[in-house]
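File shown: entry_24.txt. Contents: compact mmCIF, N, CA and C atoms.
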# COMPACT_ATOMS: atom_id res chain seq x y z
N LEU A 484 -104.34 -17.09 -136.59
CA LEU A 484 -105.73 -17.19 -136.22
C LEU A 484 -106.02 -18.60 -135.74
N PHE A 485 -106.84 -18.69 -134.70
CA PHE A 485 -107.33 -19.99 -134.29
C PHE A 485 -108.68 -19.83 -133.62
N ARG A 486 -109.45 -20.88 -133.63
CA ARG A 486 -110.75 -20.88 -132.97
C ARG A 486 -110.62 -21.65 -131.66
N GLY A 487 -110.97 -20.99 -130.56
CA GLY A 487 -110.93 -21.62 -129.26
C GLY A 487 -112.09 -22.59 -129.08
N GLU A 488 -112.03 -23.34 -128.02
CA GLU A 488 -113.12 -24.28 -127.73
C GLU A 488 -114.42 -23.55 -127.39
N ASP A 489 -114.32 -22.23 -127.08
CA ASP A 489 -115.52 -21.42 -126.84
C ASP A 489 -116.12 -20.92 -128.15
N LYS A 490 -115.55 -21.34 -129.29
CA LYS A 490 -115.98 -20.99 -130.65
C LYS A 490 -115.61 -19.58 -131.07
N ASN A 491 -114.89 -18.83 -130.22
CA ASN A 491 -114.42 -17.50 -130.60
C ASN A 491 -113.15 -17.62 -131.43
N ILE A 492 -112.91 -16.63 -132.28
CA ILE A 492 -111.70 -16.59 -133.10
C ILE A 492 -110.69 -15.70 -132.39
N TYR A 493 -109.44 -16.16 -132.31
CA TYR A 493 -108.38 -15.41 -131.68
C TYR A 493 -107.24 -15.21 -132.67
N ALA A 494 -106.56 -14.07 -132.56
CA ALA A 494 -105.42 -13.76 -133.42
C ALA A 494 -104.22 -13.41 -132.54
N VAL A 495 -103.16 -14.18 -132.66
CA VAL A 495 -101.93 -13.94 -131.91
C VAL A 495 -100.75 -14.05 -132.87
N ASP A 496 -99.59 -13.64 -132.41
CA ASP A 496 -98.37 -13.76 -133.20
C ASP A 496 -98.18 -15.23 -133.59
N ALA A 497 -97.58 -15.46 -134.72
CA ALA A 497 -97.43 -16.82 -135.24
C ALA A 497 -96.27 -17.59 -134.62
N TYR A 498 -95.40 -16.92 -133.84
CA TYR A 498 -94.19 -17.58 -133.36
C TYR A 498 -94.09 -17.54 -131.84
N CYS A 499 -93.74 -18.66 -131.25
CA CYS A 499 -93.59 -18.78 -129.80
C CYS A 499 -92.46 -17.86 -129.31
N THR A 500 -92.64 -17.30 -128.13
CA THR A 500 -91.62 -16.42 -127.55
C THR A 500 -90.40 -17.18 -127.05
N HIS A 501 -90.49 -18.49 -126.92
CA HIS A 501 -89.40 -19.30 -126.38
C HIS A 501 -88.31 -19.57 -127.41
N MET A 502 -88.63 -20.36 -128.42
CA MET A 502 -87.63 -20.73 -129.42
C MET A 502 -88.09 -20.41 -130.85
N GLY A 503 -89.16 -19.63 -130.96
CA GLY A 503 -89.60 -19.21 -132.28
C GLY A 503 -90.36 -20.26 -133.07
N ALA A 504 -90.86 -21.28 -132.40
CA ALA A 504 -91.61 -22.32 -133.11
C ALA A 504 -92.83 -21.69 -133.78
N ASN A 505 -93.16 -22.17 -134.96
CA ASN A 505 -94.34 -21.68 -135.66
C ASN A 505 -95.57 -22.31 -135.01
N LEU A 506 -96.43 -21.48 -134.46
CA LEU A 506 -97.59 -21.97 -133.73
C LEU A 506 -98.64 -22.59 -134.63
N ILE A 507 -98.50 -22.44 -135.94
CA ILE A 507 -99.44 -23.11 -136.85
C ILE A 507 -99.31 -24.62 -136.72
N ASP A 508 -98.15 -25.09 -136.25
CA ASP A 508 -97.93 -26.52 -136.04
C ASP A 508 -98.39 -26.98 -134.65
N GLY A 509 -98.87 -26.04 -133.83
CA GLY A 509 -99.35 -26.37 -132.50
C GLY A 509 -100.79 -26.85 -132.54
N HIS A 510 -101.41 -26.90 -131.38
CA HIS A 510 -102.81 -27.30 -131.30
C HIS A 510 -103.56 -26.41 -130.32
N VAL A 511 -104.87 -26.49 -130.34
CA VAL A 511 -105.71 -25.68 -129.46
C VAL A 511 -106.11 -26.52 -128.25
N SER A 512 -106.00 -25.92 -127.08
CA SER A 512 -106.45 -26.54 -125.83
C SER A 512 -107.22 -25.47 -125.07
N ASN A 513 -108.52 -25.74 -124.83
CA ASN A 513 -109.42 -24.73 -124.26
C ASN A 513 -109.41 -23.52 -125.20
N ASN A 514 -109.01 -22.37 -124.70
CA ASN A 514 -108.94 -21.17 -125.54
C ASN A 514 -107.50 -20.70 -125.67
N CYS A 515 -106.59 -21.67 -125.68
CA CYS A 515 -105.16 -21.40 -125.78
C CYS A 515 -104.59 -22.06 -127.02
N ILE A 516 -103.51 -21.47 -127.54
CA ILE A 516 -102.73 -22.12 -128.59
C ILE A 516 -101.52 -22.73 -127.89
N VAL A 517 -101.20 -23.98 -128.22
CA VAL A 517 -100.13 -24.71 -127.55
C VAL A 517 -98.95 -24.86 -128.51
N CYS A 518 -97.78 -24.45 -128.06
CA CYS A 518 -96.57 -24.52 -128.87
C CYS A 518 -96.18 -25.99 -129.13
N PRO A 519 -95.82 -26.30 -130.39
CA PRO A 519 -95.47 -27.68 -130.71
C PRO A 519 -94.11 -28.12 -130.15
N PHE A 520 -93.25 -27.18 -129.75
CA PHE A 520 -91.93 -27.57 -129.25
C PHE A 520 -91.97 -28.04 -127.80
N HIS A 521 -92.48 -27.22 -126.91
CA HIS A 521 -92.40 -27.53 -125.48
C HIS A 521 -93.75 -27.40 -124.77
N ASN A 522 -94.83 -27.38 -125.54
CA ASN A 522 -96.19 -27.34 -124.99
C ASN A 522 -96.50 -26.10 -124.15
N TRP A 523 -95.83 -24.97 -124.44
CA TRP A 523 -96.20 -23.73 -123.78
C TRP A 523 -97.59 -23.34 -124.26
N LYS A 524 -98.46 -22.90 -123.34
CA LYS A 524 -99.82 -22.49 -123.68
C LYS A 524 -99.95 -20.98 -123.60
N PHE A 525 -100.54 -20.39 -124.63
CA PHE A 525 -100.78 -18.95 -124.69
C PHE A 525 -102.28 -18.70 -124.82
N GLU A 526 -102.82 -17.84 -123.95
CA GLU A 526 -104.24 -17.50 -124.00
C GLU A 526 -104.56 -16.76 -125.29
N GLY A 527 -105.64 -17.15 -125.93
CA GLY A 527 -106.05 -16.48 -127.16
C GLY A 527 -106.47 -15.04 -126.94
N LYS A 528 -107.17 -14.79 -125.86
CA LYS A 528 -107.71 -13.45 -125.62
C LYS A 528 -106.63 -12.43 -125.30
N THR A 529 -105.61 -12.82 -124.54
CA THR A 529 -104.59 -11.87 -124.08
C THR A 529 -103.21 -12.10 -124.69
N GLY A 530 -102.95 -13.31 -125.18
CA GLY A 530 -101.61 -13.65 -125.67
C GLY A 530 -100.66 -14.06 -124.56
N LYS A 531 -101.11 -14.03 -123.30
CA LYS A 531 -100.23 -14.34 -122.16
C LYS A 531 -100.00 -15.84 -122.05
N LYS A 532 -98.75 -16.17 -121.68
CA LYS A 532 -98.40 -17.57 -121.43
C LYS A 532 -98.99 -17.99 -120.09
N ILE A 533 -99.56 -19.17 -120.05
CA ILE A 533 -100.12 -19.70 -118.81
C ILE A 533 -98.97 -19.96 -117.84
N GLY A 534 -99.05 -19.38 -116.64
CA GLY A 534 -98.05 -19.60 -115.59
C GLY A 534 -96.77 -18.80 -115.75
N ASP A 535 -96.76 -17.74 -116.55
CA ASP A 535 -95.55 -16.98 -116.81
C ASP A 535 -95.94 -15.57 -117.21
N ASN A 536 -94.96 -14.70 -117.35
CA ASN A 536 -95.26 -13.34 -117.78
C ASN A 536 -94.91 -13.08 -119.25
N LYS A 537 -94.54 -14.10 -119.98
CA LYS A 537 -94.24 -13.94 -121.40
C LYS A 537 -95.56 -13.75 -122.16
N THR A 538 -95.52 -12.94 -123.21
CA THR A 538 -96.74 -12.62 -123.94
C THR A 538 -96.49 -12.59 -125.43
N LEU A 539 -97.40 -13.20 -126.18
CA LEU A 539 -97.41 -13.07 -127.64
C LEU A 539 -98.14 -11.79 -128.00
N LYS A 540 -97.77 -11.18 -129.11
CA LYS A 540 -98.56 -10.06 -129.61
C LYS A 540 -99.94 -10.61 -129.95
N ASN A 541 -100.98 -9.92 -129.52
CA ASN A 541 -102.31 -10.35 -129.91
C ASN A 541 -103.02 -9.20 -130.62
N PHE A 542 -104.10 -9.51 -131.28
CA PHE A 542 -104.76 -8.57 -132.16
C PHE A 542 -106.26 -8.51 -131.88
N VAL A 543 -106.84 -7.38 -132.18
CA VAL A 543 -108.29 -7.20 -132.08
C VAL A 543 -108.93 -7.78 -133.33
N ILE A 544 -110.01 -8.51 -133.13
CA ILE A 544 -110.75 -9.05 -134.27
C ILE A 544 -112.13 -8.39 -134.29
N ILE A 545 -112.46 -7.78 -135.42
CA ILE A 545 -113.78 -7.20 -135.61
C ILE A 545 -114.51 -8.10 -136.58
N LYS A 546 -115.64 -8.66 -136.15
CA LYS A 546 -116.36 -9.63 -136.97
C LYS A 546 -117.57 -8.99 -137.65
N TRP A 547 -117.77 -9.35 -138.89
CA TRP A 547 -118.96 -9.00 -139.63
C TRP A 547 -119.62 -10.29 -140.07
N THR A 548 -120.68 -10.19 -140.80
CA THR A 548 -121.44 -11.37 -141.18
C THR A 548 -120.60 -12.43 -141.89
N HIS A 549 -119.84 -12.04 -142.90
CA HIS A 549 -119.09 -13.03 -143.68
C HIS A 549 -117.59 -12.77 -143.73
N SER A 550 -117.10 -11.91 -142.86
CA SER A 550 -115.67 -11.61 -142.88
C SER A 550 -115.21 -11.11 -141.52
N ILE A 551 -113.91 -11.03 -141.35
CA ILE A 551 -113.34 -10.47 -140.13
C ILE A 551 -112.26 -9.48 -140.52
N CYS A 552 -111.97 -8.57 -139.63
CA CYS A 552 -110.89 -7.60 -139.80
C CYS A 552 -109.99 -7.74 -138.59
N ILE A 553 -108.70 -7.83 -138.80
CA ILE A 553 -107.74 -8.00 -137.71
C ILE A 553 -106.91 -6.73 -137.60
N ASN A 554 -106.87 -6.16 -136.41
CA ASN A 554 -106.11 -4.93 -136.16
C ASN A 554 -105.21 -5.13 -134.97
N GLU A 555 -104.01 -4.54 -135.04
CA GLU A 555 -103.11 -4.59 -133.90
C GLU A 555 -103.71 -3.77 -132.77
N LEU A 556 -103.55 -4.25 -131.53
CA LEU A 556 -104.06 -3.50 -130.39
C LEU A 556 -103.33 -2.17 -130.28
N THR A 557 -104.05 -1.15 -129.85
CA THR A 557 -103.44 0.16 -129.67
C THR A 557 -102.77 0.22 -128.31
N GLN A 558 -102.03 1.28 -128.05
CA GLN A 558 -101.29 1.45 -126.81
C GLN A 558 -102.19 1.28 -125.58
N ASN A 559 -103.41 1.80 -125.64
CA ASN A 559 -104.30 1.72 -124.47
C ASN A 559 -105.16 0.47 -124.49
N LYS A 560 -104.87 -0.46 -125.37
CA LYS A 560 -105.53 -1.76 -125.45
C LYS A 560 -107.01 -1.68 -125.82
N SER A 561 -107.43 -0.58 -126.43
CA SER A 561 -108.83 -0.50 -126.85
C SER A 561 -108.95 -0.85 -128.32
N ALA A 562 -110.09 -1.34 -128.69
CA ALA A 562 -110.32 -1.74 -130.09
C ALA A 562 -110.39 -0.51 -130.97
N PRO A 563 -109.77 -0.57 -132.15
CA PRO A 563 -109.84 0.57 -133.07
C PRO A 563 -111.24 0.69 -133.66
N THR A 564 -111.57 1.88 -134.10
CA THR A 564 -112.86 2.12 -134.75
C THR A 564 -112.73 1.79 -136.22
N PRO A 565 -113.62 0.97 -136.76
CA PRO A 565 -113.57 0.68 -138.20
C PRO A 565 -113.69 1.96 -139.01
N ILE A 566 -113.01 2.03 -140.14
CA ILE A 566 -113.02 3.25 -140.93
C ILE A 566 -113.99 3.17 -142.09
N PHE A 567 -114.77 2.12 -142.17
CA PHE A 567 -115.74 2.01 -143.24
C PHE A 567 -117.04 1.45 -142.71
N ASN A 568 -118.08 1.62 -143.46
CA ASN A 568 -119.41 1.16 -143.08
C ASN A 568 -119.54 -0.30 -143.46
N ASN A 569 -119.79 -1.17 -142.48
CA ASN A 569 -119.84 -2.60 -142.78
C ASN A 569 -121.11 -2.99 -143.54
N SER A 570 -122.04 -2.08 -143.72
CA SER A 570 -123.24 -2.41 -144.48
C SER A 570 -122.93 -2.56 -145.96
N ILE A 571 -121.77 -2.08 -146.40
CA ILE A 571 -121.44 -2.22 -147.83
C ILE A 571 -120.56 -3.44 -148.11
N ILE A 572 -120.22 -4.17 -147.07
CA ILE A 572 -119.35 -5.34 -147.25
C ILE A 572 -120.17 -6.53 -147.67
Entire entry expressed as structure tokens:
Amino acid sequence: LFRGEDKNIYAVDAYCTHMGANLIDGHVSNNCIVCPFHNWKFEGKTGKKIGDNKTLKNFVIIKWTHSICINELTQNKSAPTPIFNNSII
């Protein structure tokens, strides 16, 4: 998880597709997470590497007042439907 400069929260795989660097040691630039090894930038919204076709797994984030739920994207890239009523959270 990381917060982009647009203040949105993004969820992507924790490891770079290049050499497996842990992106928790990277930094945020605009709305991208930057790999600490070779400065590869991955878009938070799509997981795509800037200037390349490599992609990190990314996740759908459903936000509620005081919590978030992270779900893996489905085959058709649509957000899953929550299975509970958020009014009880």
* May I ask which of the residues A:Cys499, A:Ile533, A:Cys552, A:Ile545 is the closest one to Asn513 in chain A, counting only C-alpha atoms? => A:Ile533
* In Å, with one decimal, what is the gap from CA of Asn514 in chain A to CA of Asn541 in chain A? ->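 Separation of CA of Asn514 in chain A and CA of Asn541 in chain A: 13.4 Å.
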* List the residues sitting within 10 Å of (-91.0, -24.2, -126.8) in the file's frame, using only C-alpha atoms, as an NGL selection string. => :A and (498-506 or 517-524)
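Take CA of Asp496 in chain A and CA of Gly530 in chain A: the distance between them is 8.2 Å.
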* How many Å separate CA of Ala494 in chain A from CA of Gly527 in chain A? -> 6.9 Å
* Tell me which of A:Val495, A:Leu484, A:Val511, A:Leu539 sits closest to Ile551 in chain A, counting only C-alpha atoms. =>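 Going through A:Val495, A:Leu484, A:Val511, A:Leu539 one by one, the smallest distance to Ile551 in chain A is for A:Leu484.
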* Point out the residue among A:Thr538, A:Thr529, A:Ser512, A:Ser550 with the least atom-to-atom distance to Asp489 in chain A, counting only C-alpha atoms. =>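 Counting only C-alpha atoms, the residue closest to Asp489 in chain A is A:Ser512.
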* Mind listing the strand (DSSP E or B) residues of range 496-541 of chain A, per DSSP on the backbone, as an MDAnalysis selection string? => chainID A and resid 498 505 510:512 515:517 524:526 531:532 538 541
Atoms added to range 526-537 of chain A (all heavy atoms), reported as a short mmCIF file (atom, residue, chain, number, x, y, z; two decimals), in the frame of the given file:
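After the write, part-v8.cif holds the following:
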data_model
loop_
_atom_site.label_atom_id
_atom_site.label_comp_id
_atom_site.auth_asym_id
_atom_site.auth_seq_id
_atom_site.Cartn_x
_atom_site.Cartn_y
_atom_site.Cartn_z
N GLU A 526 -102.82 -17.84 -123.95
CA GLU A 526 -104.24 -17.50 -124.00
C GLU A 526 -104.56 -16.76 -125.29
O GLU A 526 -103.83 -15.84 -125.69
CB GLU A 526 -104.62 -16.60 -122.82
CG GLU A 526 -104.49 -17.24 -121.48
CD GLU A 526 -104.80 -16.27 -120.35
OE1 GLU A 526 -104.99 -15.06 -120.60
OE2 GLU A 526 -104.85 -16.73 -119.21
N GLY A 527 -105.64 -17.15 -125.93
CA GLY A 527 -106.05 -16.48 -127.16
C GLY A 527 -106.47 -15.04 -126.94
O GLY A 527 -106.14 -14.16 -127.73
N LYS A 528 -107.17 -14.79 -125.86
CA LYS A 528 -107.71 -13.45 -125.62
C LYS A 528 -106.63 -12.43 -125.30
O LYS A 528 -106.70 -11.29 -125.74
CB LYS A 528 -108.72 -13.51 -124.47
CG LYS A 528 -109.46 -12.22 -124.25
CD LYS A 528 -110.57 -12.39 -123.24
CE LYS A 528 -111.38 -11.10 -123.12
NZ LYS A 528 -112.50 -11.27 -122.21
N THR A 529 -105.61 -12.82 -124.54
CA THR A 529 -104.59 -11.87 -124.08
C THR A 529 -103.21 -12.10 -124.69
O THR A 529 -102.36 -11.22 -124.65
CB THR A 529 -104.43 -11.93 -122.56
OG1 THR A 529 -103.95 -13.24 -122.20
CG2 THR A 529 -105.74 -11.63 -121.86
N GLY A 530 -102.95 -13.31 -125.18
CA GLY A 530 -101.61 -13.65 -125.67
C GLY A 530 -100.66 -14.06 -124.56
O GLY A 530 -99.51 -14.40 -124.81
N LYS A 531 -101.11 -14.03 -123.30
CA LYS A 531 -100.23 -14.34 -122.16
C LYS A 531 -100.00 -15.84 -122.05
O LYS A 531 -100.89 -16.64 -122.24
CB LYS A 531 -100.85 -13.83 -120.86
CG LYS A 531 -100.87 -12.33 -120.77
CD LYS A 531 -101.43 -11.88 -119.44
CE LYS A 531 -101.44 -10.35 -119.40
NZ LYS A 531 -102.07 -9.87 -118.17
N LYS A 532 -98.75 -16.17 -121.68
CA LYS A 532 -98.40 -17.57 -121.43
C LYS A 532 -98.99 -17.99 -120.09
O LYS A 532 -98.92 -17.24 -119.11
CB LYS A 532 -96.89 -17.75 -121.41
CG LYS A 532 -96.46 -19.19 -121.18
CD LYS A 532 -94.95 -19.29 -121.13
CE LYS A 532 -94.52 -20.71 -120.83
NZ LYS A 532 -94.69 -21.07 -119.41
N ILE A 533 -99.56 -19.17 -120.05
CA ILE A 533 -100.12 -19.70 -118.81
C ILE A 533 -98.97 -19.96 -117.84
O ILE A 533 -98.01 -20.64 -118.17
CB ILE A 533 -100.91 -21.00 -119.06
CG1 ILE A 533 -102.05 -20.77 -120.06
CG2 ILE A 533 -101.42 -21.60 -117.75
CD1 ILE A 533 -103.11 -19.82 -119.62
N GLY A 534 -99.05 -19.38 -116.64
CA GLY A 534 -98.05 -19.60 -115.59
C GLY A 534 -96.77 -18.80 -115.75
O GLY A 534 -95.76 -19.12 -115.13
N ASP A 535 -96.76 -17.74 -116.55
CA ASP A 535 -95.55 -16.98 -116.81
C ASP A 535 -95.94 -15.57 -117.21
O ASP A 535 -97.10 -15.28 -117.43
CB ASP A 535 -94.77 -17.66 -117.94
CG ASP A 535 -93.29 -17.30 -117.95
OD1 ASP A 535 -92.94 -16.15 -117.63
OD2 ASP A 535 -92.49 -18.17 -118.31
N ASN A 536 -94.96 -14.70 -117.35
CA ASN A 536 -95.26 -13.34 -117.78
C ASN A 536 -94.91 -13.08 -119.25
O ASN A 536 -94.98 -11.96 -119.72
CB ASN A 536 -94.53 -12.31 -116.89
CG ASN A 536 -93.02 -12.44 -116.98
OD1 ASN A 536 -92.50 -13.34 -117.60
ND2 ASN A 536 -92.32 -11.54 -116.32
N LYS A 537 -94.54 -14.10 -119.98
CA LYS A 537 -94.24 -13.94 -121.40
C LYS A 537 -95.56 -13.75 -122.16
O LYS A 537 -96.57 -14.32 -121.81
CB LYS A 537 -93.49 -15.15 -121.92
CG LYS A 537 -92.17 -15.36 -121.20
CD LYS A 537 -91.25 -16.22 -122.00
CE LYS A 537 -89.92 -16.48 -121.37
NZ LYS A 537 -89.46 -15.69 -120.29
#
